[in-house]
Each structure stands twice: as C-alpha cells, then as structure tokens.
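So this one's protein37.cif, mmCIF, C-alpha atoms:
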data_final
#
loop_
_atom_site.group_PDB
_atom_site.id
_atom_site.type_symbol
_atom_site.label_atom_id
_atom_site.label_comp_id
_atom_site.auth_asym_id
_atom_site.auth_seq_id
_atom_site.Cartn_x
_atom_site.Cartn_y
_atom_site.Cartn_z
ATOM 1 C CA MET A 1 49.290 -27.033 234.782
ATOM 2 C CA ILE A 2 52.713 -27.747 236.282
ATOM 3 C CA LEU A 3 53.640 -24.101 235.842
ATOM 4 C CA LEU A 4 50.432 -23.010 237.597
ATOM 5 C CA LEU A 5 51.189 -25.348 240.497
ATOM 6 C CA GLN A 6 54.748 -24.078 240.683
ATOM 7 C CA TYR A 7 53.729 -20.413 240.831
ATOM 8 C CA THR A 8 50.866 -21.152 243.229
ATOM 9 C CA LEU A 9 53.199 -22.823 245.705
ATOM 10 C CA ILE A 10 55.885 -20.135 245.556
ATOM 11 C CA PHE A 11 53.387 -17.281 245.969
ATOM 12 C CA THR A 12 51.703 -19.228 248.755
ATOM 13 C CA CYS A 13 55.071 -19.477 250.482
ATOM 14 C CA VAL A 14 55.592 -15.710 250.212
ATOM 15 C CA LEU A 15 52.170 -14.835 251.592
ATOM 16 C CA MET A 16 52.345 -17.456 254.321
ATOM 17 C CA LEU A 17 55.780 -16.383 255.571
ATOM 18 C CA VAL A 18 54.899 -12.691 255.698
ATOM 19 C CA ALA A 19 51.447 -13.309 257.198
ATOM 20 C CA LEU A 20 52.971 -15.541 259.880
ATOM 21 C CA GLY A 21 55.355 -12.706 260.673
ATOM 22 C CA GLY A 22 52.441 -10.307 261.071
ATOM 23 C CA CYS A 23 50.692 -12.936 263.204
ATOM 24 C CA PHE A 24 53.557 -13.035 265.731
ATOM 25 C CA SER A 25 53.721 -9.254 265.914
ATOM 26 C CA GLU A 26 49.996 -8.817 266.442
ATOM 27 C CA HIS A 27 49.795 -11.645 268.974
ATOM 28 C CA SER A 28 52.336 -9.681 271.000
ATOM 29 C CA GLY A 29 50.132 -6.570 270.764
ATOM 30 C CA VAL A 30 51.877 -4.593 267.990
ATOM 31 C CA ILE A 31 50.180 -3.946 264.639
ATOM 32 C CA ASN A 32 52.733 -4.329 261.861
ATOM 33 C CA ILE A 33 51.485 -2.430 258.825
ATOM 34 C CA GLY A 34 55.109 -2.113 257.698
ATOM 35 C CA LEU A 35 55.388 -5.650 256.300
ATOM 36 C CA GLU A 36 55.701 -4.276 252.770
ATOM 37 C CA GLY A 37 58.776 -2.229 253.703
ATOM 38 C CA ILE A 38 60.265 -5.150 255.646
ATOM 39 C CA MET A 39 59.843 -7.380 252.597
ATOM 40 C CA VAL A 40 61.696 -4.871 250.419
ATOM 41 C CA MET A 41 64.566 -4.696 252.900
ATOM 42 C CA GLY A 42 64.772 -8.477 253.186
ATOM 43 C CA ALA A 43 64.771 -8.714 249.398
ATOM 44 C CA LEU A 44 67.555 -6.125 249.235
ATOM 45 C CA GLY A 45 69.729 -8.018 251.728
ATOM 46 C CA GLY A 46 69.281 -11.336 249.944
ATOM 47 C CA ALA A 47 69.775 -9.867 246.461
ATOM 48 C CA LEU A 48 73.002 -8.125 247.487
ATOM 49 C CA MET A 49 74.322 -11.352 248.986
ATOM 50 C CA MET A 50 73.536 -13.269 245.774
ATOM 51 C CA LYS A 51 75.151 -10.543 243.683
ATOM 52 C CA TYR A 52 78.420 -10.455 245.605
ATOM 53 C CA LEU A 53 78.831 -14.107 246.532
ATOM 54 C CA PRO A 54 81.892 -15.578 244.778
ATOM 55 C CA SER A 55 80.859 -17.472 241.661
ATOM 56 C CA GLY A 56 80.960 -21.213 242.103
ATOM 57 C CA SER A 57 80.070 -21.102 245.810
ATOM 58 C CA PRO A 58 78.527 -24.386 247.081
ATOM 59 C CA ALA A 59 74.723 -24.412 246.990
ATOM 60 C CA ILE A 60 74.408 -24.841 250.754
ATOM 61 C CA VAL A 61 76.647 -21.816 251.356
ATOM 62 C CA THR A 62 74.570 -19.718 248.953
ATOM 63 C CA ILE A 63 71.277 -20.776 250.544
ATOM 64 C CA VAL A 64 72.415 -20.181 254.125
ATOM 65 C CA THR A 65 74.113 -16.829 253.518
ATOM 66 C CA VAL A 66 71.266 -15.434 251.396
ATOM 67 C CA VAL A 67 68.657 -16.467 253.965
ATOM 68 C CA LEU A 68 70.719 -15.020 256.818
ATOM 69 C CA ALA A 69 71.224 -11.729 254.962
ATOM 70 C CA SER A 70 67.501 -11.446 254.238
ATOM 71 C CA VAL A 71 66.320 -12.173 257.760
ATOM 72 C CA ALA A 72 69.036 -10.015 259.323
ATOM 73 C CA LEU A 73 68.113 -6.926 257.314
ATOM 74 C CA GLY A 74 64.398 -7.622 257.816
ATOM 75 C CA MET A 75 64.862 -7.848 261.588
ATOM 76 C CA LEU A 76 67.048 -4.752 261.661
ATOM 77 C CA TYR A 77 64.439 -2.761 259.745
ATOM 78 C CA SER A 78 61.621 -4.012 261.993
ATOM 79 C CA LEU A 79 63.442 -2.442 264.939
ATOM 80 C CA LEU A 80 62.172 0.927 263.679
ATOM 81 C CA LEU A 81 58.647 -0.209 264.498
ATOM 82 C CA ALA A 82 59.671 -1.817 267.780
ATOM 83 C CA VAL A 83 61.453 1.247 269.129
ATOM 84 C CA ALA A 84 58.803 3.709 267.949
ATOM 85 C CA ALA A 85 55.772 1.690 269.039
ATOM 86 C CA ILE A 86 57.050 0.056 272.225
ATOM 87 C CA ASN A 87 59.478 2.580 273.686
ATOM 88 C CA PHE A 88 57.966 5.819 272.414
ATOM 89 C CA LYS A 89 54.351 4.604 272.216
ATOM 90 C CA ALA A 90 53.927 6.068 268.733
ATOM 91 C CA ASP A 91 50.895 5.337 266.584
ATOM 92 C CA GLN A 92 51.660 1.918 265.137
ATOM 93 C CA THR A 93 49.665 2.406 261.942
ATOM 94 C CA LEU A 94 51.478 5.623 261.079
ATOM 95 C CA VAL A 95 54.887 4.113 261.830
ATOM 96 C CA GLY A 96 54.127 1.087 259.654
ATOM 97 C CA THR A 97 52.938 3.286 256.788
ATOM 98 C CA ALA A 98 56.112 5.366 257.010
ATOM 99 C CA MET A 99 58.198 2.176 256.962
ATOM 100 C CA ASN A 100 56.503 1.073 253.740
ATOM 101 C CA LEU A 101 57.210 4.401 252.052
ATOM 102 C CA LEU A 102 60.782 4.521 253.318
ATOM 103 C CA GLY A 103 61.597 0.894 252.466
ATOM 104 C CA ALA A 104 61.030 1.042 248.715
ATOM 105 C CA SER A 105 62.521 4.546 248.415
ATOM 106 C CA ALA A 106 65.648 3.789 250.443
ATOM 107 C CA ALA A 107 66.264 0.518 248.590
ATOM 108 C CA THR A 108 65.893 2.250 245.214
ATOM 109 C CA VAL A 109 68.281 5.077 246.136
ATOM 110 C CA PHE A 110 70.836 2.642 247.567
ATOM 111 C CA VAL A 111 70.828 0.317 244.545
ATOM 112 C CA LYS A 112 71.021 3.216 242.088
ATOM 113 C CA ALA A 113 73.960 4.686 243.999
ATOM 114 C CA MET A 114 75.678 1.290 244.079
ATOM 115 C CA ASN A 115 75.167 0.711 240.352
ATOM 116 C CA THR A 116 76.359 4.223 239.543
ATOM 117 C CA ALA A 117 79.524 3.698 241.567
ATOM 118 C CA GLU A 118 80.239 0.435 239.733
ATOM 119 C CA SER A 119 79.390 1.677 236.230
ATOM 120 C CA VAL A 120 78.955 5.182 234.875
ATOM 121 C CA ASP A 121 76.455 3.888 232.310
ATOM 122 C CA ASN A 122 74.308 1.946 234.802
ATOM 123 C CA VAL A 123 72.020 4.103 236.938
ATOM 124 C CA SER A 124 69.154 1.610 237.228
ATOM 125 C CA SER A 125 67.711 0.223 240.450
ATOM 126 C CA THR A 126 68.180 -3.365 239.285
ATOM 127 C CA ILE A 127 70.196 -6.158 240.913
ATOM 128 C CA GLN A 128 70.974 -9.310 238.928
ATOM 129 C CA TYR A 129 71.488 -12.709 240.562
ATOM 130 C CA VAL A 130 71.263 -15.134 237.646
ATOM 131 C CA GLU A 131 73.808 -17.750 238.725
ATOM 132 C CA ALA A 132 73.230 -17.602 242.488
ATOM 133 C CA LYS A 133 69.498 -18.200 242.073
ATOM 134 C CA LYS A 134 70.148 -21.663 240.623
ATOM 135 C CA ALA A 135 71.280 -22.869 244.058
ATOM 136 C CA PHE A 136 67.677 -22.641 245.306
ATOM 137 C CA LEU A 137 66.124 -24.691 242.491
ATOM 138 C CA VAL A 138 65.895 -28.431 241.907
ATOM 139 C CA ASP A 139 64.338 -29.776 238.695
ATOM 140 C CA LEU A 140 61.868 -32.570 239.493
ATOM 141 C CA ALA A 141 60.611 -33.902 236.156
ATOM 142 C CA GLY A 142 59.748 -30.453 234.821
ATOM 143 C CA PHE A 143 58.667 -29.018 238.165
ATOM 144 C CA GLU A 144 61.114 -26.515 239.652
ATOM 145 C CA PHE A 145 61.215 -27.211 243.359
ATOM 146 C CA SER A 146 62.560 -24.321 245.405
ATOM 147 C CA TRP A 147 64.210 -24.829 248.773
ATOM 148 C CA PHE A 148 62.197 -21.809 249.887
ATOM 149 C CA MET A 149 59.138 -24.075 249.764
ATOM 150 C CA ALA A 150 60.726 -26.372 252.331
ATOM 151 C CA LEU A 151 61.684 -23.375 254.481
ATOM 152 C CA ALA A 152 58.115 -22.055 254.363
ATOM 153 C CA LEU A 153 56.684 -25.424 255.409
ATOM 154 C CA ALA A 154 59.177 -25.613 258.266
ATOM 155 C CA ALA A 155 58.226 -22.068 259.319
ATOM 156 C CA LEU A 156 54.530 -23.035 259.362
ATOM 157 C CA ILE A 157 55.081 -26.100 261.524
ATOM 158 C CA LEU A 158 57.438 -24.262 263.845
ATOM 159 C CA SER A 159 55.060 -21.298 264.177
ATOM 160 C CA HIS A 160 52.184 -23.561 265.208
ATOM 161 C CA ILE A 161 54.340 -25.355 267.771
ATOM 162 C CA VAL A 162 55.841 -22.153 269.174
ATOM 163 C CA LEU A 163 52.524 -20.329 269.536
ATOM 164 C CA TYR A 164 50.474 -23.136 271.040
ATOM 165 C CA LYS A 165 52.905 -25.617 272.559
ATOM 166 C CA THR A 166 55.624 -23.521 274.203
ATOM 167 C CA ARG A 167 55.788 -21.220 277.209
ATOM 168 C CA PHE A 168 57.179 -18.455 275.003
ATOM 169 C CA GLY A 169 54.217 -18.595 272.609
ATOM 170 C CA LEU A 170 51.611 -18.622 275.367
ATOM 171 C CA ARG A 171 53.299 -15.670 277.045
ATOM 172 C CA LEU A 172 53.477 -13.834 273.733
ATOM 173 C CA MET A 173 49.748 -14.264 273.146
ATOM 174 C CA ALA A 174 49.001 -13.222 276.722
ATOM 175 C CA CYS A 175 50.763 -9.918 276.046
ATOM 176 C CA GLY A 176 48.494 -9.319 273.076
ATOM 177 C CA GLU A 177 45.324 -10.172 274.981
ATOM 178 C CA HIS A 178 45.804 -8.918 278.556
ATOM 179 C CA PRO A 179 49.220 -7.262 278.962
ATOM 180 C CA GLN A 180 48.476 -5.966 282.471
ATOM 181 C CA ALA A 181 47.511 -9.457 283.624
ATOM 182 C CA ALA A 182 50.636 -10.873 281.969
ATOM 183 C CA ASP A 183 52.781 -8.274 283.732
ATOM 184 C CA SER A 184 51.198 -9.124 287.077
ATOM 185 C CA VAL A 185 52.537 -12.692 286.870
ATOM 186 C CA GLY A 186 56.079 -11.588 285.994
ATOM 187 C CA ILE A 187 56.034 -11.537 282.173
ATOM 188 C CA ASN A 188 58.086 -8.702 280.691
ATOM 189 C CA VAL A 189 55.581 -7.277 278.227
ATOM 190 C CA MET A 190 58.054 -4.983 276.469
ATOM 191 C CA LYS A 191 60.528 -7.809 275.844
ATOM 192 C CA MET A 192 57.798 -10.075 274.518
ATOM 193 C CA ARG A 193 56.558 -7.357 272.174
ATOM 194 C CA TYR A 194 60.094 -6.779 270.941
ATOM 195 C CA ALA A 195 60.349 -10.518 270.277
ATOM 196 C CA GLY A 196 57.076 -10.513 268.336
ATOM 197 C CA VAL A 197 58.126 -7.594 266.130
ATOM 198 C CA LEU A 198 61.583 -9.061 265.489
ATOM 199 C CA ILE A 199 60.064 -12.401 264.476
ATOM 200 C CA SER A 200 57.821 -10.519 262.050
ATOM 201 C CA GLY A 201 60.966 -8.880 260.649
ATOM 202 C CA LEU A 202 62.639 -12.275 260.286
ATOM 203 C CA LEU A 203 59.741 -13.886 258.421
ATOM 204 C CA GLY A 204 58.917 -10.733 256.448
ATOM 205 C CA GLY A 205 62.519 -10.395 255.278
ATOM 206 C CA LEU A 206 62.555 -14.035 254.212
ATOM 207 C CA GLY A 207 59.271 -13.530 252.352
ATOM 208 C CA GLY A 208 60.846 -10.616 250.488
ATOM 209 C CA ILE A 209 63.695 -12.631 249.010
ATOM 210 C CA VAL A 210 61.321 -15.494 248.132
ATOM 211 C CA TYR A 211 59.104 -13.032 246.248
ATOM 212 C CA ILE A 212 61.750 -11.385 244.090
ATOM 213 C CA THR A 213 63.286 -14.735 243.107
ATOM 214 C CA ALA A 214 59.922 -16.190 242.011
ATOM 215 C CA GLY A 215 60.526 -16.718 238.313
ATOM 216 C CA VAL A 216 63.006 -13.897 237.638
ATOM 217 C CA SER A 217 66.779 -13.560 237.854
ATOM 218 C CA GLU A 218 66.927 -9.820 238.532
ATOM 219 C CA TRP A 219 64.821 -7.311 240.372
ATOM 220 C CA GLN A 220 64.163 -3.602 239.909
ATOM 221 C CA PHE A 221 63.636 -2.186 243.386
ATOM 222 C CA GLU A 222 61.531 0.698 242.098
ATOM 223 C CA ASN A 223 58.787 -1.906 241.722
ATOM 224 C CA GLY A 224 58.816 -2.738 245.432
ATOM 225 C CA VAL A 225 56.975 -6.001 246.132
ATOM 226 C CA ALA A 226 53.713 -5.168 244.328
ATOM 227 C CA GLY A 227 51.588 -4.859 247.458
ATOM 228 C CA PHE A 228 52.334 -8.356 248.740
ATOM 229 C CA GLY A 229 52.866 -6.998 252.251
ATOM 230 C CA PHE A 230 49.301 -5.669 252.293
ATOM 231 C CA LEU A 231 48.010 -8.865 250.699
ATOM 232 C CA ALA A 232 49.733 -10.810 253.487
ATOM 233 C CA LEU A 233 47.829 -8.697 256.033
ATOM 234 C CA ALA A 234 44.582 -9.749 254.346
ATOM 235 C CA VAL A 235 45.729 -13.375 254.492
ATOM 236 C CA MET A 236 46.488 -12.990 258.214
ATOM 237 C CA ILE A 237 43.058 -11.511 258.957
ATOM 238 C CA PHE A 238 41.250 -14.079 256.799
ATOM 239 C CA GLY A 239 43.253 -16.776 258.592
ATOM 240 C CA GLN A 240 42.101 -15.447 261.985
ATOM 241 C CA TRP A 241 45.671 -15.044 263.261
ATOM 242 C CA LYS A 242 46.091 -18.841 263.339
ATOM 243 C CA PRO A 243 49.010 -20.472 261.462
ATOM 244 C CA VAL A 244 47.111 -23.361 259.847
ATOM 245 C CA ARG A 245 44.275 -21.129 258.686
ATOM 246 C CA ILE A 246 46.803 -18.596 257.436
ATOM 247 C CA ALA A 247 48.411 -21.336 255.332
ATOM 248 C CA LEU A 248 45.045 -22.233 253.762
ATOM 249 C CA ALA A 249 44.238 -18.585 253.093
ATOM 250 C CA ALA A 250 47.688 -18.084 251.552
ATOM 251 C CA LEU A 251 47.045 -21.049 249.246
ATOM 252 C CA LEU A 252 43.807 -19.460 248.019
ATOM 253 C CA PHE A 253 45.342 -16.043 247.411
ATOM 254 C CA GLY A 254 48.487 -17.637 245.953
ATOM 255 C CA LEU A 255 46.385 -19.459 243.366
ATOM 256 C CA PHE A 256 44.743 -16.262 242.149
ATOM 257 C CA ARG A 257 48.110 -14.502 242.032
ATOM 258 C CA ALA A 258 49.599 -17.380 240.043
ATOM 259 C CA LEU A 259 46.834 -17.131 237.444
ATOM 260 C CA SER A 260 48.138 -13.706 236.429
ATOM 261 C CA ASN A 261 51.474 -15.331 235.510
ATOM 262 C CA VAL A 262 50.193 -18.300 233.527
ATOM 263 C CA TYR A 263 46.702 -17.421 232.223
ATOM 264 C CA THR A 264 48.027 -17.352 228.615
ATOM 265 C CA GLY A 265 48.612 -21.095 228.811
ATOM 266 C CA PHE A 266 44.961 -21.941 229.465
ATOM 267 C CA ASP A 267 42.386 -21.929 226.653
ATOM 268 C CA PHE A 268 39.545 -21.182 229.089
ATOM 269 C CA PHE A 269 41.100 -17.947 230.331
ATOM 270 C CA MET A 270 42.206 -16.925 226.835
ATOM 271 C CA ALA A 271 38.628 -17.430 225.591
ATOM 272 C CA LEU A 272 37.431 -14.783 228.052
ATOM 273 C CA HIS A 273 39.483 -12.172 226.144
ATOM 274 C CA LEU A 274 40.297 -10.297 229.338
ATOM 275 C CA PRO A 275 43.412 -8.101 229.466
ATOM 276 C CA GLY A 276 46.312 -9.356 231.548
ATOM 277 C CA THR A 277 45.883 -6.501 234.013
ATOM 278 C CA VAL A 278 42.574 -8.021 235.136
ATOM 279 C CA TYR A 279 44.347 -11.201 236.201
ATOM 280 C CA ASN A 280 46.990 -9.126 237.979
ATOM 281 C CA MET A 281 44.202 -7.437 239.923
ATOM 282 C CA LEU A 282 42.450 -10.694 240.889
ATOM 283 C CA PRO A 283 44.167 -11.388 244.237
ATOM 284 C CA TYR A 284 43.551 -7.826 245.428
ATOM 285 C CA ILE A 285 39.910 -7.856 244.309
ATOM 286 C CA ILE A 286 39.422 -11.222 246.007
ATOM 287 C CA SER A 287 41.013 -9.879 249.194
ATOM 288 C CA LEU A 288 38.547 -6.959 249.277
ATOM 289 C CA ILE A 289 35.580 -9.274 248.722
ATOM 290 C CA VAL A 290 36.744 -11.807 251.307
ATOM 291 C CA LEU A 291 37.477 -9.176 253.957
ATOM 292 C CA ALA A 292 34.146 -7.457 253.317
ATOM 293 C CA PHE A 293 32.313 -10.667 254.197
ATOM 294 C CA THR A 294 34.572 -11.992 256.948
ATOM 295 C CA SER A 295 36.027 -8.985 258.778
ATOM 296 C CA ARG A 296 32.926 -8.624 260.969
ATOM 297 C CA LYS A 297 33.606 -12.045 262.472
ATOM 298 C CA SER A 298 37.344 -11.486 262.815
ATOM 299 C CA ARG A 299 38.676 -11.612 266.327
ATOM 300 C CA ALA A 300 41.996 -9.825 266.592
ATOM 301 C CA PRO A 301 44.096 -9.908 269.784
ATOM 302 C CA LYS A 302 42.334 -7.553 272.220
ATOM 303 C CA ALA A 303 45.334 -5.384 273.063
ATOM 304 C CA GLU A 304 46.811 -5.047 269.575
ATOM 305 C CA GLY A 305 47.665 -1.494 268.650
ATOM 306 C CA ILE A 306 47.371 -0.274 272.254
ATOM 307 C CA PRO A 307 50.667 1.001 273.702
ATOM 308 C CA TYR A 308 51.414 -0.752 276.979
ATOM 309 C CA ASP A 309 51.237 1.434 280.066
ATOM 310 C CA LYS A 310 52.532 -0.329 283.138
ATOM 311 C CA GLY A 311 50.537 1.938 285.420
ATOM 312 C CA GLN A 312 47.214 1.319 283.669
ATOM 313 C CA ARG A 313 44.893 -1.330 285.084
#
Using structure tokens, write down the structure from this file.
Amino acid sequence: MILLLQYTLIFTCVLMLVALGGCFSEHSGVINIGLEGIMVMGALGGALMMKYLPSGSPAIVTIVTVVLASVALGMLYSLLLAVAAINFKADQTLVGTAMNLLGASAATVFVKAMNTAESVDNVSSTIQYVEAKKAFLVDLAGFEFSWFMALALAALILSHIVLYKTRFGLRLMACGEHPQAADSVGINVMKMRYAGVLISGLLGGLGGIVYITAGVSEWQFENGVAGFGFLALAVMIFGQWKPVRIALAALLFGLFRALSNVYTGFDFFMALHLPGTVYNMLPYIISLIVLAFTSRKSRAPKAEGIPYDKGQR
C-alpha cells in the first residue's frame, strides 16, 4: 500500500506539472500539443546534469542544478512553438506534433552519439544517474519522499495565485479569451503568449525529469516518456484549465498509472489474472472514457489556437 501511494503521488506530480504548463500556454491562446517533446528535452537536460555532476556534490546543489537544467532546456525547446505559432502564425497542432516527433528522436541520437564518443562498446541511448538521484529522496519510515513532490505542490499553489490573483495572470487569460480587447487596453498580446508558452516549457521540462526518475536510476531515451505528455493534455481538459481541478484529475490518472507498477503486490488484482499490459493501458483507456463523457462540457479559452492578427476586430 505504501508503494502504491508513493507511485501515485510521483505520477500525480508529473501529470500535474505538465498539465499546468499546458494550462498556462492555452490560457495565453497557444495550443501546446508538444508537451511530450518538451518533457523529453527536460528529462535530457536533467539526466545529463545528474550524470556529469561531480560525485559527492551536496544534495542542495544537485537538486538546484538538475532542476535548472531541466527547466532551461524545456523552455529553450518550447521556443520552437512560440516562434512558429506566434511570429509566423503556423498551425499550432502541426508544430506541436512535429516537436513531439523531433524531441524523442533528437534526444536518442544525441545520447547515442555521446555514449559512443565515451565508449566504443556503448552505443545505447541510456543515461545512468544512480548516485545523483539519491539527493532527491528522503526515507520516511519506508516511504520514499521525493523533493519533486514538494516542488509540484509549490507549483500548484503558485499557479493558482498567479492566474487568479495577479495582474500578469489576468492579462494572460485575457489574451486567450479576447486578444483584440486585451490589445485595445495596452496589453502586448505577443509578449503574453510568449510568456505562456515559456512557462509551459518550464513546467513541462520539470515534469520530464520527475518522470524518468520515478523508480529508476537510468533512462533509455528511445522510450520517450510513454505518452505522458498526451495524458497530461487529457488531465488539463478534464480539469477544465483550472489548477485545482487539474490537481484532482492528475491524482485520479496518477492512481491508475501507479497500479501498473504495483498490481503484483495486491491479491485482488492478481486474482483477476490479467496481463500486466492491461494495467499499463488503464490510464489511457480511462482518459478516453473520461474525455468522451466530459469533452462536450469543456470550455477551452475562446481564442486558443487562433493566431493573433492585430488588424482583425
């Protein structure tokens, strides 16, 4: 039961962080389908930092540098969407899809090239971070608390405050609802949309490193992030683009994802005699069912996905 709770919380943190990132982007008016690719890039940045940090580095140094590397690479990668969608008014869905395809492929090629350069015998796409990962974990009577859980909770609280209690958040949402009206009162719509996309890159990159460190001490980048970016989009829609609801939706989906990791420890699930792949499919099946029944009532920001034209009224 402790293991189920542990996995549920860590997967909830991943989904919540990435979905919150998508929430900021879409509230600004830009659809970010590329969360999957951003997660991979954030995971790559954090994994490389853990790999090359000097052994014996203080825990606080490890935590700060790994988080900074993840969010920096996630934000840098999200600029592809920002430039294409905001400056060149490209189709945001197509750009996001291309980012997902490019992210996993580029990360795999880079890691293989790096491993090949370091060892003639090693041509895998795997990065190991056994020792560095320990800096993020604290053993609490058998429960492994991760500092990523605290970061995710802080991100949730901060997201709610920023969106609903600050001038920046209200302006951001105005750009996703009525950009022409926002522009008429002096709000720079393009800058606000850039901010929304970059925040999605920050949170998506952080979600990537949280995901690959959930229970393992190495990651093979050919595996990507197992569709968690798309699952986070479902969480965002089910949560109605609102941080608190997103957190509750992430908890539900995180529970079903955790079951696929620990079902062998429960007599009830073992008695069903279902193959492990069924439990791996559960969160994605649940997402389809939930969206089928709730998407009709979903209310997305009115101007999301529509390139902003200053001359249009």
Practice item. Please provide as number ranges by chain all residues within 8 Å of stretch 197-209 of chain A, with the sequence filter that same-chain residues fewer than 5 positions apart are discarded (counting all atoms listed in the file). Key: A: 13-15, 17-25, 28, 30, 32, 35, 38-44, 46-47, 67, 70-79, 81-82, 225
Cut-off 7 Å: closest stretch 16-97 of chain A/stretch 293-308 of chain A atom pairs per residue, using all atoms listed in the file, as a Markdown table:
| residue | atom | partner | partner_atom | distance |
| --- | --- | --- | --- | --- |
| A:Glu26 | CA | A:Glu304 | CA | 5.8 |
| A:His27 | CA | A:Pro301 | CA | 6.0 |
| A:Gly29 | CA | A:Glu304 | CA | 3.8 |
| A:Val30 | CA | A:Gly305 | CA | 5.3 |
| A:Ile31 | CA | A:Gly305 | CA | 5.3 |
| A:Ala85 | CA | A:Pro307 | CA | 6.9 |
| A:Ile86 | CA | A:Pro307 | CA | 6.6 |
| A:Lys89 | CA | A:Pro307 | CA | 5.4 |
| A:Gln92 | CA | A:Gly305 | CA | 6.3 |
Residues as selected, C-alpha atoms, written as a PDB file, in the coordinates of the input, can you do that?
ATOM      1  CA  GLU A  26      49.996  -8.817 266.442  1.00  0.00           C
ATOM      2  CA  HIS A  27      49.795 -11.645 268.974  1.00  0.00           C
ATOM      3  CA  GLY A  29      50.132  -6.570 270.764  1.00  0.00           C
ATOM      4  CA  VAL A  30      51.877  -4.593 267.990  1.00  0.00           C
ATOM      5  CA  ILE A  31      50.180  -3.946 264.639  1.00  0.00           C
ATOM      6  CA  ALA A  85      55.772   1.690 269.039  1.00  0.00           C
ATOM      7  CA  ILE A  86      57.050   0.056 272.225  1.00  0.00           C
ATOM      8  CA  LYS A  89      54.351   4.604 272.216  1.00  0.00           C
ATOM      9  CA  GLN A  92      51.660   1.918 265.137  1.00  0.00           C
TER      10      GLN A  92
END
Review point. On this structure, which residues satisfy the PyMOL selection byres ((chain A and resi 147) around 10), written as a VMD selection string?
Key: chain A and resid 63 135 to 138 144 to 146 148 to 152 210
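Proximity of A:Val130, A:Leu156, A:Ala90, A:Gly227 to A:Leu248, computed with all atoms listed in the file, is greatest for A:Leu156.
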Exercise for review: Enumerate, as a list in words, the residues matched when the PyMOL selection byres ((chain A and resi 97) around 12) is run on the file above.
Suggested key: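 Here the PyMOL selection byres ((chain A and resi 97) around 12) matches Ile31, Asn32, Ile33, Gly34, Leu35, Glu36, Gly37, Ile38, Leu80, Leu81, Asp91, Gln92, Thr93, Leu94, Val95, Gly96, Ala98, Met99, Asn100, Leu101, Leu102, Gly103, Ala104, Gly229 and Phe230 of chain A.
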